[in-house]
$ cat final12.txt   # compact mmCIF, C-alpha atoms
# COMPACT_ATOMS: atom_id res chain seq x y z
CA MET K 1 45.09 308.68 -63.28
CA ARG K 2 42.51 305.95 -63.75
CA LEU K 3 41.58 303.15 -61.37
CA LEU K 4 39.84 299.82 -61.80
CA ILE K 5 38.88 297.56 -58.91
CA LYS K 6 37.52 294.23 -60.10
CA ASN K 7 36.19 291.01 -58.59
CA ALA K 8 35.51 292.59 -55.20
CA ARG K 9 33.89 290.17 -52.81
CA ALA K 10 31.70 293.15 -51.95
CA LEU K 11 31.66 296.91 -52.23
CA VAL K 12 30.63 298.03 -48.74
CA GLY K 13 28.75 301.22 -47.94
CA THR K 14 27.07 301.82 -51.28
CA HIS K 15 24.65 304.32 -49.78
CA PRO K 16 22.64 306.59 -52.09
CA ALA K 17 24.75 309.57 -53.13
CA GLU K 18 22.29 312.03 -51.60
CA LEU K 19 22.51 310.42 -48.12
CA ARG K 20 24.52 312.75 -45.89
CA ARG K 21 24.33 311.00 -42.50
CA ILE K 22 22.82 307.86 -41.04
CA THR K 23 20.66 308.19 -37.96
CA GLY K 24 20.95 305.72 -35.11
CA ARG K 25 18.05 303.42 -35.79
CA SER K 26 19.21 303.00 -39.39
CA MET K 27 22.91 302.52 -38.66
CA ALA K 28 22.66 298.72 -38.75
CA GLY K 29 21.88 299.04 -42.46
CA LEU K 30 25.08 298.86 -44.50
CA PRO K 31 24.35 298.25 -48.19
CA MET K 32 26.80 296.02 -50.07
CA LEU K 33 27.20 295.03 -53.69
CA GLU K 34 28.69 291.55 -54.03
CA ASP K 35 31.07 290.36 -56.77
CA ALA K 36 31.58 293.88 -58.03
CA TRP K 37 33.75 296.31 -59.95
CA LEU K 38 34.49 300.01 -59.45
CA THR K 39 36.14 302.61 -61.67
CA ALA K 40 37.58 306.02 -60.91
CA ASP K 41 39.11 308.81 -62.96
CA ASP K 42 41.08 311.81 -61.70
CA GLY K 43 40.46 310.69 -58.14
CA ARG K 44 36.65 310.43 -58.38
CA ILE K 45 34.43 307.36 -58.55
CA THR K 46 32.95 307.14 -62.04
CA GLY K 47 31.00 303.90 -61.80
CA PHE K 48 30.48 300.55 -60.10
CA GLY K 49 28.32 297.49 -60.49
CA PRO K 50 28.20 293.68 -60.46
CA MET K 51 30.89 291.82 -62.41
CA ALA K 52 28.15 290.16 -64.46
CA GLU K 53 27.42 293.62 -65.90
CA TRP K 54 31.02 294.85 -66.18
CA PRO K 55 31.24 297.00 -69.31
CA GLY K 56 34.90 296.16 -69.83
CA ILE K 57 37.90 298.42 -70.37
CA ASP K 58 39.00 299.47 -73.85
CA ASP K 59 42.06 301.52 -72.87
CA TRP K 60 44.35 299.94 -70.28
CA ASN K 61 46.97 302.70 -70.48
CA ASP K 62 47.61 304.70 -67.29
CA LEU K 63 45.24 302.36 -65.45
CA THR K 64 45.85 301.07 -61.92
CA VAL K 65 44.19 297.68 -61.50
CA VAL K 66 43.25 296.16 -58.16
CA ASP K 67 42.08 292.55 -58.21
CA ALA K 68 39.96 292.40 -55.06
CA GLU K 69 38.89 288.77 -55.39
CA GLY K 70 37.94 287.52 -51.91
CA ARG K 71 38.37 291.01 -50.47
CA TYR K 72 35.99 293.70 -49.22
CA VAL K 73 36.23 297.29 -50.50
CA LEU K 74 35.12 299.95 -48.03
CA PRO K 75 35.10 303.74 -47.91
CA GLY K 76 38.28 304.89 -46.20
CA TRP K 77 38.13 305.71 -42.51
CA CYS K 78 37.34 309.30 -41.55
CA ASP K 79 38.70 310.50 -38.19
CA PRO K 80 36.86 313.64 -37.03
CA HIS K 81 38.74 314.29 -33.75
CA THR K 82 42.54 314.20 -33.45
CA HIS K 83 45.42 316.16 -31.94
CA THR K 84 48.18 314.80 -34.18
CA VAL K 85 50.34 317.95 -34.13
CA PHE K 86 52.33 317.73 -30.89
CA ALA K 87 55.95 318.00 -29.81
CA ALA K 88 56.58 314.83 -27.83
CA PRO K 89 54.88 311.79 -26.28
CA ARG K 90 53.92 311.73 -22.60
CA ASP K 91 54.93 308.18 -21.77
CA GLY K 92 56.14 309.26 -18.32
CA GLU K 93 52.56 310.17 -17.44
CA PHE K 94 51.50 306.75 -18.68
CA VAL K 95 53.72 305.21 -15.99
CA ASP K 96 52.30 307.67 -13.43
CA ARG K 97 48.80 306.38 -14.20
CA ILE K 98 49.98 302.78 -13.77
CA ARG K 99 51.19 303.84 -10.34
CA GLY K 100 47.74 305.11 -9.47
CA LEU K 101 47.55 308.81 -10.40
CA SER K 102 44.44 309.95 -12.25
CA TYR K 103 44.42 312.12 -15.38
CA GLN K 104 43.18 315.04 -13.27
CA GLU K 105 45.90 314.51 -10.62
CA ILE K 106 48.61 314.47 -13.28
CA ALA K 107 47.22 317.70 -14.73
CA ALA K 108 47.18 319.34 -11.28
CA ARG K 109 50.92 318.59 -10.96
CA GLY K 110 51.67 320.44 -14.20
CA GLY K 111 51.33 317.46 -16.50
CA GLY K 112 48.72 316.82 -19.13
CA ILE K 113 47.90 319.55 -21.62
CA LEU K 114 50.23 322.08 -19.96
CA ASN K 115 53.11 319.62 -20.27
CA SER K 116 52.47 319.31 -24.01
CA ALA K 117 52.20 323.10 -24.30
CA ARG K 118 55.61 323.64 -22.71
CA MET K 119 57.25 321.20 -25.11
CA LEU K 120 55.45 322.53 -28.18
CA ARG K 121 56.37 326.16 -27.49
CA ASP K 122 60.05 325.14 -27.58
CA MET K 123 59.83 323.25 -30.88
CA ASN K 124 60.22 324.93 -34.25
CA GLU K 125 57.58 324.69 -36.95
CA ASP K 126 59.61 322.49 -39.29
CA ASP K 127 60.16 319.81 -36.65
CA LEU K 128 56.48 319.89 -35.68
CA PHE K 129 55.56 319.46 -39.33
CA GLU K 130 57.88 316.51 -39.91
CA GLN K 131 56.70 314.67 -36.80
CA ALA K 132 53.02 315.20 -37.59
CA LYS K 133 53.56 314.19 -41.21
CA ALA K 134 55.11 310.90 -40.08
CA ARG K 135 52.14 310.20 -37.79
CA LEU K 136 49.65 310.90 -40.55
CA GLU K 137 51.53 308.65 -42.97
CA VAL K 138 51.11 305.80 -40.48
CA MET K 139 47.40 306.62 -40.15
CA MET K 140 46.98 306.61 -43.95
CA ALA K 141 48.58 303.16 -44.15
CA GLN K 142 45.98 302.07 -41.58
CA GLY K 143 43.15 303.25 -43.82
CA THR K 144 42.51 306.84 -42.67
CA VAL K 145 41.65 309.06 -45.64
CA ALA K 146 40.45 312.17 -43.78
CA ALA K 147 41.14 313.66 -40.35
CA GLU K 148 40.43 316.73 -38.29
CA ILE K 149 43.43 318.14 -36.41
CA LYS K 150 43.10 320.47 -33.44
CA SER K 151 45.47 323.05 -32.05
CA GLY K 152 45.43 323.48 -28.27
CA TYR K 153 48.99 322.60 -27.27
CA GLY K 154 50.23 326.13 -27.90
CA LEU K 155 48.04 328.15 -25.53
CA SER K 156 49.58 331.42 -26.74
CA LEU K 157 49.03 333.60 -29.77
CA ASP K 158 52.27 332.60 -31.51
CA SER K 159 52.19 328.91 -30.66
CA GLU K 160 48.54 328.37 -31.58
CA LEU K 161 49.20 330.05 -34.92
CA LYS K 162 52.29 327.88 -35.33
CA MET K 163 50.25 324.71 -34.86
CA LEU K 164 47.60 325.77 -37.35
CA ARG K 165 50.23 326.75 -39.91
CA VAL K 166 51.65 323.24 -39.56
CA VAL K 167 48.20 321.83 -40.33
CA LYS K 168 48.00 324.06 -43.38
CA ARG K 169 51.34 322.69 -44.59
CA LEU K 170 50.14 319.14 -43.95
CA LYS K 171 47.09 319.79 -46.11
CA GLU K 172 49.40 320.74 -48.96
CA ALA K 173 51.91 317.92 -48.43
CA LEU K 174 49.68 314.88 -48.00
CA PRO K 175 46.88 313.39 -50.13
CA LEU K 176 44.32 312.80 -47.38
CA GLN K 177 41.66 315.39 -46.59
CA LEU K 178 42.44 317.44 -43.48
CA LYS K 179 40.37 319.88 -41.45
CA ALA K 180 41.84 322.28 -38.88
CA THR K 181 40.26 323.32 -35.58
CA LEU K 182 41.29 326.17 -33.29
CA LEU K 183 41.31 324.76 -29.74
CA ALA K 184 43.07 327.55 -27.88
CA ALA K 185 40.52 327.05 -25.06
CA HIS K 186 42.05 323.67 -24.21
CA ALA K 187 43.54 324.63 -20.84
CA LEU K 188 44.39 327.84 -19.01
CA PRO K 189 48.09 328.67 -19.60
CA PRO K 190 50.21 329.38 -16.49
CA GLU K 191 50.75 333.02 -17.41
CA PHE K 192 46.98 333.55 -17.23
CA LYS K 193 46.28 331.45 -14.13
CA ASP K 194 45.00 334.56 -12.30
CA ASP K 195 43.39 336.17 -15.36
CA ARG K 196 40.88 333.84 -17.03
CA ALA K 197 39.08 336.77 -18.64
CA GLY K 198 42.36 337.98 -20.11
CA TYR K 199 43.01 334.66 -21.83
CA LEU K 200 39.49 334.56 -23.24
CA ASP K 201 40.03 338.12 -24.49
CA LEU K 202 43.21 336.96 -26.22
CA ILE K 203 41.35 334.12 -27.95
CA VAL K 204 38.35 336.21 -28.98
CA ASN K 205 39.95 339.56 -29.78
CA GLU K 206 43.38 338.59 -31.12
CA LEU K 207 43.72 334.93 -32.02
CA LEU K 208 40.41 334.31 -33.78
CA PRO K 209 40.75 337.36 -36.08
CA ARG K 210 44.30 336.29 -37.05
CA VAL K 211 43.20 332.72 -37.70
CA ALA K 212 40.30 333.92 -39.84
CA GLU K 213 42.49 336.39 -41.73
CA GLU K 214 45.03 333.69 -42.63
CA GLY K 215 42.36 331.04 -43.30
CA LEU K 216 43.97 328.66 -40.83
CA ALA K 217 40.93 326.93 -39.32
CA ASP K 218 37.68 325.30 -40.37
CA PHE K 219 36.19 325.00 -36.87
CA VAL K 220 36.56 326.30 -33.31
CA ASP K 221 36.63 324.16 -30.16
CA VAL K 222 36.49 324.53 -26.37
CA PHE K 223 37.23 321.99 -23.63
CA CYS K 224 34.08 322.63 -21.58
CA GLU K 225 34.71 320.66 -18.41
CA THR K 226 35.08 321.04 -14.66
CA ASN K 227 38.48 322.69 -13.92
CA TYR K 228 38.88 323.73 -17.55
CA PHE K 229 36.36 326.07 -19.25
CA THR K 230 32.85 326.97 -18.15
CA VAL K 231 29.64 326.93 -20.13
CA ALA K 232 29.65 330.74 -20.28
CA GLU K 233 33.22 330.67 -21.65
CA LEU K 234 32.20 328.03 -24.18
CA GLU K 235 29.37 330.25 -25.36
CA ARG K 236 31.62 333.26 -25.71
CA VAL K 237 34.13 331.38 -27.87
CA LEU K 238 31.43 329.74 -30.01
CA GLU K 239 29.77 333.10 -30.63
CA ALA K 240 33.11 334.64 -31.61
CA GLY K 241 33.90 331.68 -33.86
CA ALA K 242 30.52 331.94 -35.58
CA ALA K 243 31.19 335.63 -36.25
CA HIS K 244 34.27 334.51 -38.20
CA GLY K 245 32.44 331.70 -40.01
CA LEU K 246 33.84 328.89 -37.84
CA PRO K 247 31.31 326.32 -36.54
CA GLY K 248 31.90 324.63 -33.21
CA LYS K 249 33.25 321.10 -32.65
CA VAL K 250 33.50 320.92 -28.89
CA HIS K 251 34.88 318.75 -26.07
CA VAL K 252 32.13 318.11 -23.52
CA ASN K 253 31.12 315.61 -20.83
CA GLN K 254 34.43 313.78 -20.59
CA PHE K 255 34.44 313.70 -16.78
CA THR K 256 31.35 315.67 -15.68
CA SER K 257 28.07 316.98 -17.06
CA ILE K 258 27.88 320.76 -16.57
CA GLY K 259 25.53 321.90 -19.33
CA GLY K 260 28.02 322.11 -22.17
CA ILE K 261 25.96 319.94 -24.52
CA GLN K 262 22.89 322.13 -24.16
CA ALA K 263 24.95 325.25 -24.89
CA ALA K 264 26.72 323.64 -27.85
CA VAL K 265 23.42 322.55 -29.41
CA ALA K 266 21.91 326.01 -28.86
CA HIS K 267 24.86 327.56 -30.69
CA GLY K 268 24.64 325.17 -33.63
CA ALA K 269 27.79 323.15 -32.97
CA LEU K 270 28.56 320.66 -35.71
CA SER K 271 29.57 318.00 -33.18
CA VAL K 272 29.93 317.35 -29.47
CA ASP K 273 32.82 315.02 -28.67
CA HIS K 274 33.75 312.68 -25.78
CA LEU K 275 30.37 312.20 -23.98
CA GLU K 276 31.67 309.62 -21.53
CA VAL K 277 29.43 311.04 -18.78
CA MET K 278 25.86 311.63 -19.95
CA GLU K 279 22.77 312.61 -17.99
CA PRO K 280 19.20 312.22 -19.32
CA ALA K 281 19.05 315.98 -19.93
CA ASP K 282 22.13 315.74 -22.17
CA LEU K 283 20.51 313.04 -24.30
CA ASP K 284 17.31 315.09 -24.43
CA ALA K 285 19.25 318.13 -25.67
CA LEU K 286 20.79 316.17 -28.54
CA ALA K 287 17.57 314.50 -29.65
CA GLY K 288 16.22 316.19 -32.73
CA SER K 289 19.22 318.49 -33.13
CA GLU K 290 21.65 318.74 -36.05
CA THR K 291 24.64 318.27 -33.75
CA ILE K 292 26.54 315.00 -34.27
CA PRO K 293 27.55 313.09 -31.10
CA THR K 294 31.09 311.75 -31.47
CA LEU K 295 32.51 309.09 -29.18
CA LEU K 296 36.21 308.43 -28.56
CA PRO K 297 36.41 304.87 -27.19
CA SER K 298 40.20 304.55 -27.46
CA CYS K 299 40.50 307.43 -24.97
CA SER K 300 38.27 305.51 -22.56
CA PHE K 301 40.37 302.39 -23.14
CA PHE K 302 43.66 304.16 -22.44
CA LEU K 303 42.53 306.19 -19.41
CA GLY K 304 40.25 303.55 -17.91
CA ILE K 305 37.28 305.91 -17.81
CA PRO K 306 33.67 305.10 -18.79
CA TYR K 307 32.79 304.51 -22.42
CA GLY K 308 30.25 306.76 -24.09
CA PRO K 309 26.66 305.46 -24.30
CA ALA K 310 26.58 304.44 -27.94
CA ARG K 311 23.41 302.38 -27.77
CA GLU K 312 21.47 305.10 -25.92
CA LEU K 313 22.54 307.67 -28.49
CA MET K 314 21.51 305.42 -31.36
CA GLU K 315 18.19 304.62 -29.68
CA ARG K 316 17.57 308.38 -29.73
CA ASP K 317 18.05 308.08 -33.52
CA LEU K 318 21.16 310.27 -33.52
CA PRO K 319 23.84 310.01 -36.23
CA LEU K 320 26.65 308.71 -34.04
CA ALA K 321 30.24 309.21 -35.20
CA LEU K 322 33.48 307.68 -33.89
CA ALA K 323 36.99 309.15 -33.74
CA THR K 324 40.39 308.20 -32.31
CA ASP K 325 41.26 311.35 -30.30
CA HIS K 326 44.89 310.63 -31.31
CA ASN K 327 47.03 312.69 -28.91
CA PRO K 328 50.13 312.28 -26.72
CA GLY K 329 48.36 312.11 -23.36
CA SER K 330 45.15 310.10 -23.48
CA THR K 331 45.18 308.29 -26.85
CA PRO K 332 48.63 307.77 -28.37
CA SER K 333 47.20 305.91 -31.38
CA GLY K 334 45.41 306.93 -34.54
CA ASN K 335 44.56 303.37 -35.55
CA MET K 336 40.93 303.36 -36.68
CA ASN K 337 40.98 299.57 -37.07
CA PHE K 338 41.46 299.17 -33.32
CA LEU K 339 38.66 301.71 -32.87
CA LEU K 340 36.40 299.43 -34.91
CA SER K 341 37.09 296.57 -32.49
CA LEU K 342 36.52 298.77 -29.43
CA ALA K 343 33.23 299.99 -30.85
CA CYS K 344 31.97 296.44 -31.19
CA ILE K 345 33.49 294.99 -28.01
CA ARG K 346 33.00 297.86 -25.54
CA LEU K 347 30.29 300.06 -27.07
CA ARG K 348 28.22 297.02 -28.13
CA MET K 349 27.84 298.31 -31.65
CA LEU K 350 27.19 295.95 -34.53
CA PRO K 351 30.01 295.88 -37.11
CA GLU K 352 27.71 297.57 -39.61
CA GLU K 353 26.86 300.34 -37.13
CA ALA K 354 30.52 300.90 -36.35
CA VAL K 355 31.50 301.09 -40.03
CA ASN K 356 28.79 303.68 -40.67
CA ALA K 357 29.98 305.67 -37.63
CA MET K 358 33.57 305.65 -38.93
CA THR K 359 32.76 306.51 -42.53
CA LEU K 360 29.72 308.54 -43.54
CA ASN K 361 28.82 309.93 -40.10
CA ALA K 362 32.45 310.66 -39.32
CA ALA K 363 32.76 312.48 -42.65
CA ALA K 364 29.65 314.49 -41.78
CA ALA K 365 31.27 315.50 -38.48
CA MET K 366 33.91 317.27 -40.62
CA ARG K 367 31.53 318.54 -43.32
CA LEU K 368 33.07 316.10 -45.78
CA GLU K 369 29.99 313.96 -46.37
CA GLU K 370 29.66 315.14 -49.98
CA GLU K 371 33.23 314.01 -50.67
CA LEU K 372 33.79 310.88 -48.59
CA GLY K 373 32.19 308.28 -46.36
CA SER K 374 30.37 306.08 -48.87
CA ILE K 375 30.86 304.49 -52.27
CA ALA K 376 28.95 306.71 -54.67
CA VAL K 377 29.58 308.09 -58.13
CA GLY K 378 31.21 311.49 -57.91
CA LYS K 379 32.74 310.99 -54.48
CA ARG K 380 36.48 310.76 -53.92
CA ALA K 381 37.93 307.35 -54.68
CA SER K 382 39.43 307.03 -51.20
CA LEU K 383 39.00 303.39 -50.31
CA ILE K 384 40.20 300.45 -48.22
CA VAL K 385 40.72 297.01 -49.73
CA THR K 386 40.85 294.34 -47.03
CA GLY K 387 42.81 291.15 -47.02
CA ARG K 388 41.04 287.84 -47.59
CA VAL K 389 38.82 287.67 -44.51
CA PRO K 390 35.87 285.34 -43.94
CA SER K 391 33.37 288.10 -43.18
CA LEU K 392 33.04 291.79 -42.52
CA ALA K 393 32.58 290.99 -38.80
CA TYR K 394 36.03 289.39 -38.83
CA LEU K 395 37.62 292.86 -39.06
CA PRO K 396 36.62 293.88 -35.50
CA TYR K 397 36.55 290.30 -34.22
CA ALA K 398 40.23 289.53 -34.83
CA PHE K 399 41.40 292.68 -33.07
CA GLY K 400 45.03 293.73 -33.18
CA GLN K 401 45.66 292.11 -36.54
CA ASP K 402 46.29 294.05 -39.73
CA HIS K 403 43.43 293.16 -42.08
CA LEU K 404 44.13 295.75 -44.78
CA ASP K 405 45.74 294.95 -48.11
CA THR K 406 45.56 298.19 -50.10
CA VAL K 407 44.68 301.79 -49.23
CA ILE K 408 43.71 304.20 -52.00
CA ILE K 409 43.34 307.97 -51.65
CA ASP K 410 41.87 309.94 -54.53
CA GLY K 411 42.39 307.01 -56.87
CA ARG K 412 46.08 306.51 -56.01
CA PRO K 413 47.40 303.72 -53.79
CA VAL K 414 49.15 305.00 -50.68
CA ARG K 415 49.60 301.45 -49.44
CA ALA K 416 50.14 298.82 -52.09
CA GLY K 417 49.21 295.25 -51.23
CA ALA K 418 48.94 291.92 -52.97
CA ALA K 419 45.67 292.91 -54.63
CA LEU K 420 47.42 295.62 -56.64
CA ALA K 421 48.12 294.16 -60.07

$ encode --input "final12.txt" --output "structure tokens"
Amino acid sequence: MRLLIKNARALVGTHPAELRRITGRSMAGLPMLEDAWLTADDGRITGFGPMAEWPGIDDWNDLTVVDAEGRYVLPGWCDPHTHTVFAAPRDGEFVDRIRGLSYQEIAARGGGILNSARMLRDMNEDDLFEQAKARLEVMMAQGTVAAEIKSGYGLSLDSELKMLRVVKRLKEALPLQLKATLLAAHALPPEFKDDRAGYLDLIVNELLPRVAEEGLADFVDVFCETNYFTVAELERVLEAGAAHGLPGKVHVNQFTSIGGIQAAVAHGALSVDHLEVMEPADLDALAGSETIPTLLPSCSFFLGIPYGPARELMERDLPLALATDHNPGSTPSGNMNFLLSLACIRLRMLPEEAVNAMTLNAAAAMRLEEELGSIAVGKRASLIVTGRVPSLAYLPYAFGQDHLDTVIIDGRPVRAGAALA
């Protein structure tokens, strides 16, 4: 299938093809090509340039045409931290928080992650698949073209494998790019409440080998946090994951700083995610490393907890990424467009910085930077075409409104708007 986008007000994010991530002090730079065209063939970008130099099209057969006059064309959103495979929402806990209970208090009463685990264990794989597929279809219509999905609501050998098999089926059923992460170390299951070492043994000696044998995961994760998993336990799981070829993408510093960032960096983690509570030593550990800090501002919004220090991270010249954390307990939304507004309003990021954090840097946090995240020849033609908006800054400014017209994944529209001829 062939694609032509013409008359674009601007192609946004036309970074050099060899650029793999954008460090903090450069994130305000977002190259654009005004009054432009773009072509793609078999799902890959084959060319782009100014309309004044448009070479024309000789063969219009099997050609999808998008007239983007007055509209911006951006790389599709990449979401490098989600939990979109789950059994049921936790709206009752939402009401509990309104009544004054904290996230930690709800968890101590058997809610939170353990609540999701109980429900997921009782649900069959087909129902899990259909529910997750429906969520991802909504996210695609909102411009998401790639996402990482974690396990972690199974907390047993069979249920963790079930979750990851659902992700594998989703990869085959949907056009967006998906990455899978084993997060068995998400919480301690009730049957192991008096045997922490036994549960870690299960993860390291039984679950990881099965996951590697079946090719079910791309990464491994640990919730390294007070009352969850310790730094030593994080290190053990990351070492075991590395032995099976699975890099770390880890939860750290959501509520407390206990040394998880330092350990994650030392073990070569691809990303460290959450970072709502950061000490100077945590920032020092990240500076100069290859680990990508990933903030989840919609989690902060929903729980009423601090927002991650975006500006401090960028001042350290780190390649900041953003993700939704879409999950049933702390972020029941995978809408990256709302994330864009939160990044600007609450993290004090410029629109250009936020777009870079949600495209190229977010792709890099999933090892998809060679495929997605910028408009470059050879990359996947997975793109967003906006509506007619007065400026790029209008996208985060007019929060809560739907500013997208057309969404294209691998050269094929998955949301067809007025711009589609």

$ closest_residue --input "final12.txt" --among "K:Ala117, K:Ala187, K:Ile57, K:Leu3" --to "K:Arg44" --atoms "all atoms listed in the file"
K:Leu3

$ residues_around --input "final12.txt" --residues "K:Pro280" --least-positions-apart "4" --cutoff "12 Å" --atoms "only C-alpha atoms" --output "NGL selection string"
:K and (257 or 259 or 261-262 or 284-287 or 309 or 312-313 or 316)

$ residues_around --input "final12.txt" --residues "stretch 191-199 of chain K" --least-positions-apart "2" --cutoff "12 Å" --atoms "all atoms listed in the file" --output "list in words"
Leu114, Arg118, Leu155, Ser156, Leu157, Ala184, Ala185, His186, Ala187, Leu188, Pro189, Asp201, Leu202, Ile203, Val204, Asn205, Glu206, Leu207, Asn227, Tyr228, Phe229, Thr230, Ala232, Glu233, Arg236 and Val237 of chain K

$ write_last_selection --input "final12.txt" --atoms "C-alpha atoms" --output "compact mmCIF listing (two decimals), in the coordinates of the input"
# COMPACT_ATOMS: atom_id res chain seq x y z
CA LEU K 114 50.23 322.08 -19.96
CA ARG K 118 55.61 323.64 -22.71
CA LEU K 155 48.04 328.15 -25.53
CA SER K 156 49.58 331.42 -26.74
CA LEU K 157 49.03 333.60 -29.77
CA ALA K 184 43.07 327.55 -27.88
CA ALA K 185 40.52 327.05 -25.06
CA HIS K 186 42.05 323.67 -24.21
CA ALA K 187 43.54 324.63 -20.84
CA LEU K 188 44.39 327.84 -19.01
CA PRO K 189 48.09 328.67 -19.60
CA ASP K 201 40.03 338.12 -24.49
CA LEU K 202 43.21 336.96 -26.22
CA ILE K 203 41.35 334.12 -27.95
CA VAL K 204 38.35 336.21 -28.98
CA ASN K 205 39.95 339.56 -29.78
CA GLU K 206 43.38 338.59 -31.12
CA LEU K 207 43.72 334.93 -32.02
CA ASN K 227 38.48 322.69 -13.92
CA TYR K 228 38.88 323.73 -17.55
CA PHE K 229 36.36 326.07 -19.25
CA THR K 230 32.85 326.97 -18.15
CA ALA K 232 29.65 330.74 -20.28
CA GLU K 233 33.22 330.67 -21.65
CA ARG K 236 31.62 333.26 -25.71
CA VAL K 237 34.13 331.38 -27.87

$ atom_distance --input "final12.txt" --atom1 "atom CA of K:Ile22" --atom2 "atom CA of K:Glu290"
12.0 Å

$ residues_around --input "final12.txt" --residues "stretch 347-358 of chain K" --least-positions-apart "6" --cutoff "7 Å" --atoms "all atoms listed in the file" --output "MDAnalysis selection string"
chainID K and resid 27:30 77:78 307 310 320:322 340 393

$ closest_residue --input "final12.txt" --among "K:Glu371, K:Glu34, K:Asp282, K:Asp405" --to "K:Ala8" --atoms "only C-alpha atoms"
K:Glu34

$ closest_residue --input "final12.txt" --among "K:Leu295, K:Ile45, K:Leu4, K:Ala36" --to "K:Arg346" --atoms "only C-alpha atoms"
K:Leu295

$ atom_distance --input "final12.txt" --atom1 "atom CA of K:Ser333" --atom2 "atom CA of K:Ser298"
8.1 Å

$ closest_residue --input "final12.txt" --among "K:Pro31, K:Ala376, K:Asn327, K:Gly400" --to "K:Ser341" --atoms "all atoms listed in the file"
K:Gly400
